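Source file: coords.txt. Holds: compact mmCIF, C-alpha atoms.
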```txt
# COMPACT_ATOMS: atom_id res chain seq x y z
CA MET A 1 89.10 176.69 42.47
CA ASP A 2 91.03 175.28 45.40
CA GLU A 3 92.17 171.66 45.11
CA SER A 4 89.75 170.21 47.66
CA THR A 5 86.74 171.80 45.91
CA LYS A 6 88.04 170.65 42.54
CA THR A 7 88.44 167.09 43.83
CA ALA A 8 84.95 167.15 45.32
CA VAL A 9 83.41 168.45 42.06
CA ILE A 10 85.18 165.85 39.95
CA ARG A 11 84.05 163.11 42.33
CA ARG A 12 80.43 164.33 42.08
CA LEU A 13 80.62 164.41 38.28
CA ALA A 14 82.13 160.90 38.15
CA SER A 15 79.33 159.70 40.42
CA ALA A 16 76.70 161.28 38.13
CA ALA A 17 78.27 159.66 35.07
CA GLY A 18 78.28 156.30 36.88
CA HIS A 19 74.65 156.80 37.83
CA ILE A 20 73.79 157.37 34.16
CA LYS A 21 75.61 154.16 33.16
CA GLY A 22 73.38 152.40 35.71
CA ILE A 23 70.29 153.95 34.11
CA GLU A 24 71.44 152.66 30.71
CA ARG A 25 71.39 149.15 32.19
CA MET A 26 67.94 149.77 33.65
CA VAL A 27 66.66 150.72 30.18
CA GLN A 28 68.37 147.66 28.68
CA ASP A 29 66.69 145.46 31.32
CA ASP A 30 63.22 146.96 30.70
CA VAL A 31 62.88 148.45 34.17
CA TYR A 32 59.57 150.26 34.72
CA CYS A 33 59.57 153.66 32.92
CA ILE A 34 58.59 155.68 35.98
CA ASP A 35 61.46 154.23 38.02
CA ILE A 36 63.85 155.25 35.25
CA ILE A 37 62.44 158.79 35.19
CA LYS A 38 62.94 158.99 38.96
CA GLN A 39 66.58 157.94 38.60
CA ILE A 40 67.09 160.59 35.89
CA GLN A 41 65.63 163.17 38.29
CA ALA A 42 68.15 162.05 40.92
CA VAL A 43 71.00 162.66 38.46
CA GLN A 44 69.52 166.09 37.66
CA ALA A 45 69.53 166.94 41.37
CA ALA A 46 73.18 165.82 41.65
CA LEU A 47 74.11 168.01 38.66
CA ASN A 48 72.24 170.95 40.21
CA LYS A 49 74.45 170.54 43.26
CA VAL A 50 77.59 170.71 41.08
CA SER A 51 76.33 173.89 39.39
CA THR A 52 75.68 175.43 42.80
CA ILE A 53 79.23 174.62 43.96
CA MET A 54 80.63 176.10 40.73
CA LEU A 55 78.60 179.29 41.15
CA ASP A 56 79.62 179.57 44.80
CA ASN A 57 83.26 179.30 43.76
CA HIS A 58 82.76 181.79 40.92
CA LEU A 59 81.22 184.41 43.22
CA ARG A 60 84.07 184.06 45.73
CA THR A 61 86.81 184.33 43.11
CA CYS A 62 86.18 186.01 39.75
CA VAL A 63 83.15 188.06 40.79
CA THR A 64 84.71 189.24 44.05
CA THR A 65 87.91 190.20 42.22
CA ALA A 66 85.97 192.13 39.58
CA ILE A 67 83.82 193.97 42.12
CA GLN A 68 86.85 194.92 44.20
CA GLY A 69 88.79 195.86 41.05
CA SER A 70 89.08 199.20 39.32
CA ASN A 71 87.57 198.21 35.96
CA PRO A 72 83.86 199.13 35.81
CA ALA A 73 83.35 197.43 32.43
CA GLU A 74 84.73 194.15 33.78
CA ARG A 75 82.56 194.41 36.89
CA GLU A 76 79.52 195.08 34.71
CA ARG A 77 80.34 192.10 32.50
CA MET A 78 80.68 189.81 35.51
CA LEU A 79 77.37 190.87 37.05
CA GLU A 80 75.53 190.50 33.75
CA GLU A 81 76.98 187.04 33.35
CA VAL A 82 75.82 185.91 36.79
CA VAL A 83 72.35 187.30 36.11
CA SER A 84 72.20 185.49 32.76
CA VAL A 85 73.14 182.19 34.42
CA PHE A 86 70.40 182.76 36.98
CA ALA A 87 67.89 183.43 34.18
CA MET A 88 69.05 180.31 32.32
CA VAL A 89 68.54 178.14 35.39
CA GLU A 90 65.09 179.61 35.99
CA LYS A 91 64.05 178.75 32.44
CA ARG A 92 65.36 175.23 32.49
CA MET B 1 66.25 200.02 43.88
CA ASP B 2 66.06 203.10 41.69
CA GLU B 3 62.61 204.49 40.98
CA SER B 4 62.42 203.46 37.33
CA THR B 5 63.30 199.84 38.17
CA LYS B 6 60.81 199.86 41.02
CA THR B 7 58.07 201.18 38.74
CA ALA B 8 58.88 198.58 36.12
CA VAL B 9 58.82 195.73 38.67
CA ILE B 10 55.51 196.87 40.14
CA ARG B 11 54.03 197.11 36.65
CA ARG B 12 55.19 193.58 35.84
CA LEU B 13 53.72 192.24 39.09
CA ALA B 14 50.40 194.02 38.47
CA SER B 15 50.34 192.51 34.99
CA ALA B 16 50.97 189.03 36.40
CA ALA B 17 48.18 189.48 38.96
CA GLY B 18 45.84 190.62 36.17
CA HIS B 19 46.84 187.63 34.08
CA ILE B 20 45.91 185.33 36.99
CA LYS B 21 42.49 187.01 37.31
CA GLY B 22 42.01 186.22 33.61
CA ILE B 23 42.92 182.58 34.26
CA GLU B 24 40.29 182.47 37.04
CA ARG B 25 37.69 183.46 34.45
CA MET B 26 39.01 180.81 32.05
CA VAL B 27 38.52 178.17 34.76
CA GLN B 28 35.05 179.53 35.50
CA ASP B 29 34.20 179.32 31.79
CA ASP B 30 35.46 175.72 31.47
CA VAL B 31 38.25 176.58 29.05
CA TYR B 32 40.27 173.55 27.93
CA CYS B 33 42.65 172.39 30.73
CA ILE B 34 45.78 172.42 28.59
CA ASP B 35 45.17 176.01 27.52
CA ILE B 36 44.87 176.99 31.18
CA ILE B 37 48.13 175.20 32.02
CA LYS B 38 49.83 177.12 29.19
CA GLN B 39 48.56 180.42 30.59
CA ILE B 40 49.86 179.48 34.05
CA GLN B 41 53.25 178.75 32.47
CA ALA B 42 53.19 182.22 30.91
CA VAL B 43 52.63 183.77 34.35
CA GLN B 44 55.48 181.67 35.73
CA ALA B 45 57.77 183.01 33.00
CA ALA B 46 56.71 186.58 33.82
CA LEU B 47 57.45 185.99 37.52
CA ASN B 48 60.84 184.51 36.60
CA LYS B 49 61.61 187.76 34.84
CA VAL B 50 60.74 189.75 37.97
CA SER B 51 63.02 187.53 40.09
CA THR B 52 65.82 188.07 37.59
CA ILE B 53 65.40 191.86 37.78
CA MET B 54 65.39 191.70 41.59
CA LEU B 55 68.56 189.59 41.65
CA ASP B 56 70.25 191.91 39.15
CA ASN B 57 69.43 194.85 41.40
CA HIS B 58 70.56 192.98 44.51
CA LEU B 59 73.95 192.13 43.00
CA ARG B 60 74.53 195.76 41.94
CA THR B 61 73.59 197.20 45.33
CA CYS B 62 73.81 195.09 48.51
CA VAL B 63 76.22 192.47 47.20
CA THR B 64 78.54 195.01 45.59
CA THR B 65 78.55 197.09 48.78
CA ALA B 66 79.32 194.05 50.92
CA ILE B 67 82.12 192.84 48.65
CA GLN B 68 83.69 196.28 48.55
CA GLY B 69 83.21 196.71 52.30
CA SER B 70 85.54 195.85 55.14
CA ASN B 71 83.33 193.32 56.92
CA PRO B 72 84.27 189.76 55.90
CA ALA B 73 81.37 188.21 57.84
CA GLU B 74 78.86 190.41 56.01
CA ARG B 75 80.47 189.59 52.66
CA GLU B 76 80.30 185.89 53.48
CA ARG B 77 76.65 186.17 54.50
CA MET B 78 75.78 187.95 51.23
CA LEU B 79 77.51 185.38 49.04
CA GLU B 80 75.92 182.46 50.87
CA GLU B 81 72.52 184.10 50.45
CA VAL B 82 72.95 184.51 46.68
CA VAL B 83 74.09 180.90 46.38
CA SER B 84 71.09 179.70 48.40
CA VAL B 85 68.71 181.63 46.12
CA PHE B 86 70.39 180.05 43.10
CA ALA B 87 69.98 176.58 44.66
CA MET B 88 66.32 177.33 45.48
CA VAL B 89 65.61 178.33 41.87
CA GLU B 90 67.35 175.22 40.56
CA LYS B 91 65.16 173.01 42.71
CA ARG B 92 61.90 174.69 41.85
CA MET C 1 35.93 169.72 35.88
CA ASP C 2 33.59 168.99 38.74
CA GLU C 3 32.33 171.98 40.71
CA SER C 4 34.32 171.33 43.89
CA THR C 5 37.59 171.10 41.94
CA LYS C 6 36.70 174.22 39.98
CA THR C 7 35.96 176.13 43.19
CA ALA C 8 39.22 174.94 44.74
CA VAL C 9 41.25 175.97 41.66
CA ILE C 10 39.65 179.42 41.51
CA ARG C 11 40.33 179.91 45.22
CA ARG C 12 43.98 178.96 44.74
CA LEU C 13 44.32 181.36 41.80
CA ALA C 14 42.67 184.19 43.75
CA SER C 15 45.07 183.51 46.61
CA ALA C 16 48.06 183.65 44.23
CA ALA C 17 46.84 186.95 42.76
CA GLY C 18 46.41 188.36 46.27
CA HIS C 19 49.90 187.18 47.16
CA ILE C 20 51.28 189.07 44.15
CA LYS C 21 49.46 192.24 45.23
CA GLY C 22 51.25 191.85 48.58
CA ILE C 23 54.58 191.53 46.78
CA GLU C 24 53.83 194.77 44.90
CA ARG C 25 53.52 196.50 48.28
CA MET C 26 56.78 194.90 49.44
CA VAL C 27 58.55 196.35 46.39
CA GLN C 28 56.91 199.72 47.01
CA ASP C 29 58.11 199.61 50.62
CA ASP C 30 61.71 198.71 49.64
CA VAL C 31 61.64 195.32 51.34
CA TYR C 32 64.93 193.41 51.02
CA CYS C 33 65.33 191.97 47.46
CA ILE C 34 66.02 188.42 48.59
CA ASP C 35 62.83 188.33 50.68
CA ILE C 36 60.88 189.46 47.63
CA ILE C 37 62.46 186.75 45.48
CA LYS C 38 61.46 184.18 48.13
CA GLN C 39 57.84 185.41 48.04
CA ILE C 40 57.83 185.15 44.24
CA GLN C 41 59.07 181.56 44.59
CA ALA C 42 56.17 180.87 46.96
CA VAL C 43 53.67 182.16 44.40
CA GLN C 44 55.29 180.01 41.72
CA ALA C 45 54.99 176.93 43.93
CA ALA C 46 51.29 177.73 44.41
CA LEU C 47 50.83 178.08 40.64
CA ASN C 48 52.65 174.77 40.09
CA LYS C 49 50.07 173.17 42.37
CA VAL C 50 47.25 174.59 40.23
CA SER C 51 48.89 173.21 37.06
CA THR C 52 49.16 169.81 38.72
CA ILE C 53 45.45 169.84 39.65
CA MET C 54 44.56 170.86 36.07
CA LEU C 55 46.66 168.07 34.60
CA ASP C 56 45.18 165.55 37.03
CA ASN C 57 41.70 166.60 35.94
CA HIS C 58 42.67 166.51 32.26
CA LEU C 59 44.03 162.95 32.51
CA ARG C 60 40.85 161.72 34.26
CA THR C 61 38.51 163.35 31.76
CA CYS C 62 39.66 164.20 28.21
CA VAL C 63 42.62 161.82 28.08
CA THR C 64 40.70 158.90 29.57
CA THR C 65 37.81 159.48 27.15
CA ALA C 66 40.18 159.63 24.18
CA ILE C 67 42.07 156.48 25.19
CA GLN C 68 38.83 154.57 25.73
CA GLY C 69 37.36 155.97 22.51
CA SER C 70 37.47 154.56 19.02
CA ASN C 71 39.36 157.40 17.32
CA PRO C 72 43.09 156.62 17.11
CA ALA C 73 43.97 160.07 15.73
CA GLU C 74 42.27 161.76 18.68
CA ARG C 75 44.02 159.44 21.13
CA GLU C 76 47.35 160.20 19.47
CA ARG C 77 46.68 163.93 19.60
CA MET C 78 45.83 163.77 23.32
CA LEU C 79 48.96 161.81 24.23
CA GLU C 80 51.21 164.13 22.21
CA GLU C 81 49.66 167.10 23.96
CA VAL C 82 50.30 165.69 27.44
CA VAL C 83 53.91 164.90 26.49
CA SER C 84 54.39 168.42 25.14
CA VAL C 85 53.08 169.92 28.40
CA PHE C 86 55.49 167.70 30.33
CA ALA C 87 58.38 168.88 28.11
CA MET C 88 57.31 172.52 28.57
CA VAL C 89 57.31 172.17 32.35
CA GLU C 90 60.72 170.48 32.30
CA LYS C 91 62.17 173.39 30.34
CA ARG C 92 60.70 176.13 32.46
CA MET D 1 59.55 149.93 24.91
CA ASP D 2 60.16 148.96 21.28
CA GLU D 3 63.74 148.18 20.33
CA SER D 4 64.37 151.32 18.26
CA THR D 5 63.21 153.59 21.12
CA LYS D 6 65.29 151.61 23.59
CA THR D 7 68.37 151.91 21.39
CA ALA D 8 67.79 155.66 20.97
CA VAL D 9 67.38 156.17 24.73
CA ILE D 10 70.52 154.19 25.55
CA ARG D 11 72.46 156.19 22.95
CA ARG D 12 71.24 159.46 24.47
CA LEU D 13 72.21 158.31 27.97
CA ALA D 14 75.66 157.18 26.79
CA SER D 15 76.11 160.58 25.15
CA ALA D 16 75.14 162.36 28.39
CA ALA D 17 77.58 160.23 30.39
CA GLY D 18 80.32 161.03 27.87
CA HIS D 19 79.47 164.71 28.09
CA ILE D 20 79.90 164.55 31.88
CA LYS D 21 83.31 162.90 31.49
CA GLY D 22 84.24 165.87 29.30
CA ILE D 23 83.07 168.27 32.01
CA GLU D 24 85.28 166.45 34.53
CA ARG D 25 88.26 167.23 32.28
CA MET D 26 87.14 170.86 32.02
CA VAL D 27 87.14 171.11 35.82
CA GLN D 28 90.54 169.41 35.98
CA ASP D 29 91.85 171.93 33.42
CA ASP D 30 90.47 174.95 35.33
CA VAL D 31 88.07 176.00 32.58
CA TYR D 32 86.05 179.11 33.43
CA CYS D 33 83.28 178.31 35.97
CA ILE D 34 80.47 179.81 33.93
CA ASP D 35 81.39 177.73 30.88
CA ILE D 36 81.26 174.61 33.05
CA ILE D 37 77.84 175.57 34.41
CA LYS D 38 76.61 176.01 30.82
CA GLN D 39 77.85 172.54 29.89
CA ILE D 40 76.07 171.08 32.93
CA GLN D 41 72.88 172.82 31.75
CA ALA D 42 73.34 171.18 28.34
CA VAL D 43 73.59 167.73 29.95
CA GLN D 44 70.47 168.46 31.98
CA ALA D 45 68.57 169.44 28.83
CA ALA D 46 69.66 166.15 27.23
CA LEU D 47 68.45 164.22 30.30
CA ASN D 48 65.13 166.10 30.20
CA LYS D 49 64.72 164.86 26.64
CA VAL D 50 65.26 161.26 27.83
CA SER D 51 62.64 161.71 30.57
CA THR D 52 60.21 163.04 27.98
CA ILE D 53 60.78 160.02 25.73
CA MET D 54 60.29 157.67 28.69
CA LEU D 55 57.04 159.40 29.67
CA ASP D 56 55.81 159.33 26.08
CA ASN D 57 56.46 155.59 25.97
CA HIS D 58 54.84 155.06 29.36
CA LEU D 59 51.64 156.86 28.33
CA ARG D 60 51.37 154.81 25.13
CA THR D 61 51.93 151.48 26.86
CA CYS D 62 51.21 151.03 30.59
CA VAL D 63 48.85 153.99 30.98
CA THR D 64 46.88 153.21 27.82
CA THR D 65 46.55 149.55 28.87
CA ALA D 66 45.37 150.54 32.35
CA ILE D 67 42.83 153.06 31.04
CA GLN D 68 41.46 150.58 28.52
CA GLY D 69 41.46 147.79 31.13
CA SER D 70 38.73 146.73 33.52
CA ASN D 71 40.55 147.41 36.81
CA PRO D 72 39.59 150.85 38.20
CA ALA D 73 42.12 150.63 41.05
CA GLU D 74 44.95 149.99 38.58
CA ARG D 75 43.78 152.87 36.36
CA GLU D 76 43.65 155.15 39.39
CA ARG D 77 47.14 154.10 40.46
CA MET D 78 48.53 154.81 36.98
CA LEU D 79 46.99 158.27 36.76
CA GLU D 80 48.18 159.23 40.22
CA GLU D 81 51.68 158.09 39.32
CA VAL D 82 51.78 160.22 36.15
CA VAL D 83 50.53 163.24 38.09
CA SER D 84 53.17 162.71 40.78
CA VAL D 85 55.91 162.58 38.14
CA PHE D 86 54.58 165.82 36.66
CA ALA D 87 54.61 167.44 40.13
CA MET D 88 58.16 166.17 40.73
CA VAL D 89 59.39 167.69 37.48
CA GLU D 90 57.69 171.00 38.26
CA LYS D 91 59.47 171.19 41.61
CA ARG D 92 62.89 170.32 40.32
```
Same coordinates, now as structure tokens:
Amino acid sequence: MDESTKTAVIRRLASAAGHIKGIERMVQDDVYCIDIIKQIQAVQAALNKVSTIMLDNHLRTCVTTAIQGSNPAERERMLEEVVSVFAMVEKR
Amino acid sequence: MDESTKTAVIRRLASAAGHIKGIERMVQDDVYCIDIIKQIQAVQAALNKVSTIMLDNHLRTCVTTAIQGSNPAERERMLEEVVSVFAMVEKR
Amino acid sequence: MDESTKTAVIRRLASAAGHIKGIERMVQDDVYCIDIIKQIQAVQAALNKVSTIMLDNHLRTCVTTAIQGSNPAERERMLEEVVSVFAMVEKR
Amino acid sequence: MDESTKTAVIRRLASAAGHIKGIERMVQDDVYCIDIIKQIQAVQAALNKVSTIMLDNHLRTCVTTAIQGSNPAERERMLEEVVSVFAMVEKR
């Protein structure tokens, strides 16, 4: 992953962790349940965005290298892995 | 898509459509709401499986061809498209 | 479920089943994989809407009756069931 | 929310935040993209569990009070809110 993407991903993760610390305080302060659920959904959306960036990077690096490479077993493994991640996200 | 995959996908879709017709009858017959929701979830899972098969096929054909090809713009377009499908599934 | 809601739900389900029959033809006609995946997503969104209508109806009828009723075990059972449906939808 | 539920929720949130800090280190250390995506999925599953606990609590407190109460507008507002949360989770 290039440095600027890495920095951006780490910043997004730090922001998500900070958001969760804020939700802890909301729970402590007895904020209305539904408002807390909405904040958790916002964190989920932020984490989805990180996963998308990671997958984008993965396709452009490892998967591209494997598909352009001369090892059919490695290419097969890579494609199966991407498909299994897709299936995992669908089920979540 | 090879013929056996195509046949399998069409069979899965026909099965999902038949399942939905069955759910229509359940609604008509005043079956318990929660049981109907569970049947709808089962159809959703079956449709997820079809999407996964389609994506698997897409990666092995169009995406592989584009990545092995000599057109960087086409390769870029393909990768962006796969990432956007991933993001769409995450949000659903 | 009142008759107008029932009619609306059955119409939505029939529309989803018809949509799937259209997707079968798309597969048969070798339409581009990504466009097929997008159509499947559209059907899933339509089915989500049906689940939401069913849950809405369930809360206004069975759950309301149980919560206003004098049977704590039945009330407990109803609430657990709604929570389990929520958890199931989250995981999908 | 009773104190034991509140404590459990805060502990789960703190654990999720800690998990994310660990993922930041994984990104920093160039861990394989797919393994990072899997860890993000694990955090999301943990956050889903928190949302489920919050909804469970909400149904047993605010929603039950509104349904047993004498204010139809408040009862209506509560039910619509639960349905909208369900729809939001379906779409995510």
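Excluding Thr65 of chain B and any residue on its chain fewer than 4 positions from it, the residues at most 10 Å away by all atoms listed in the file are Ile67 and Gln68 of chain A; His58, Leu59, Arg60, Thr61, Gly69, Ser70, Glu74, Arg75 and Met78 of chain B.
Across A:Gln39, A:Lys91, A:Glu80, A:Met1, the tightest approach to Met26 of chain A is made by A:Gln39 when counting all atoms listed in the file.
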Q: Compile the residues of chain B that lie within 9 Å of chain C, evaluated using all atoms listed in the file, and express the compilation as a ChimeraX atom specification.
A: /B:1,6-7,9-11,13-14,16-21,23-25,27-28,30,32-34,36-38,40-41,43-45,47-48,50-52,54-55,57-58,81-82,85,88-89,92
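What separates atom CA of Thr5 of chain D from atom CA of Arg77 of chain C is a distance of 19.6 Å.
Interatomic distance, atom CA of Thr64 of chain B against atom CA of Ser84 of chain A: 17.2 Å.
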Q. If you measure from atom CA of Phe86 of chain D to atom CA of Ser4 of chain C, what distance in Å do you get, rounded to one decimal?
A. 22.2 Å
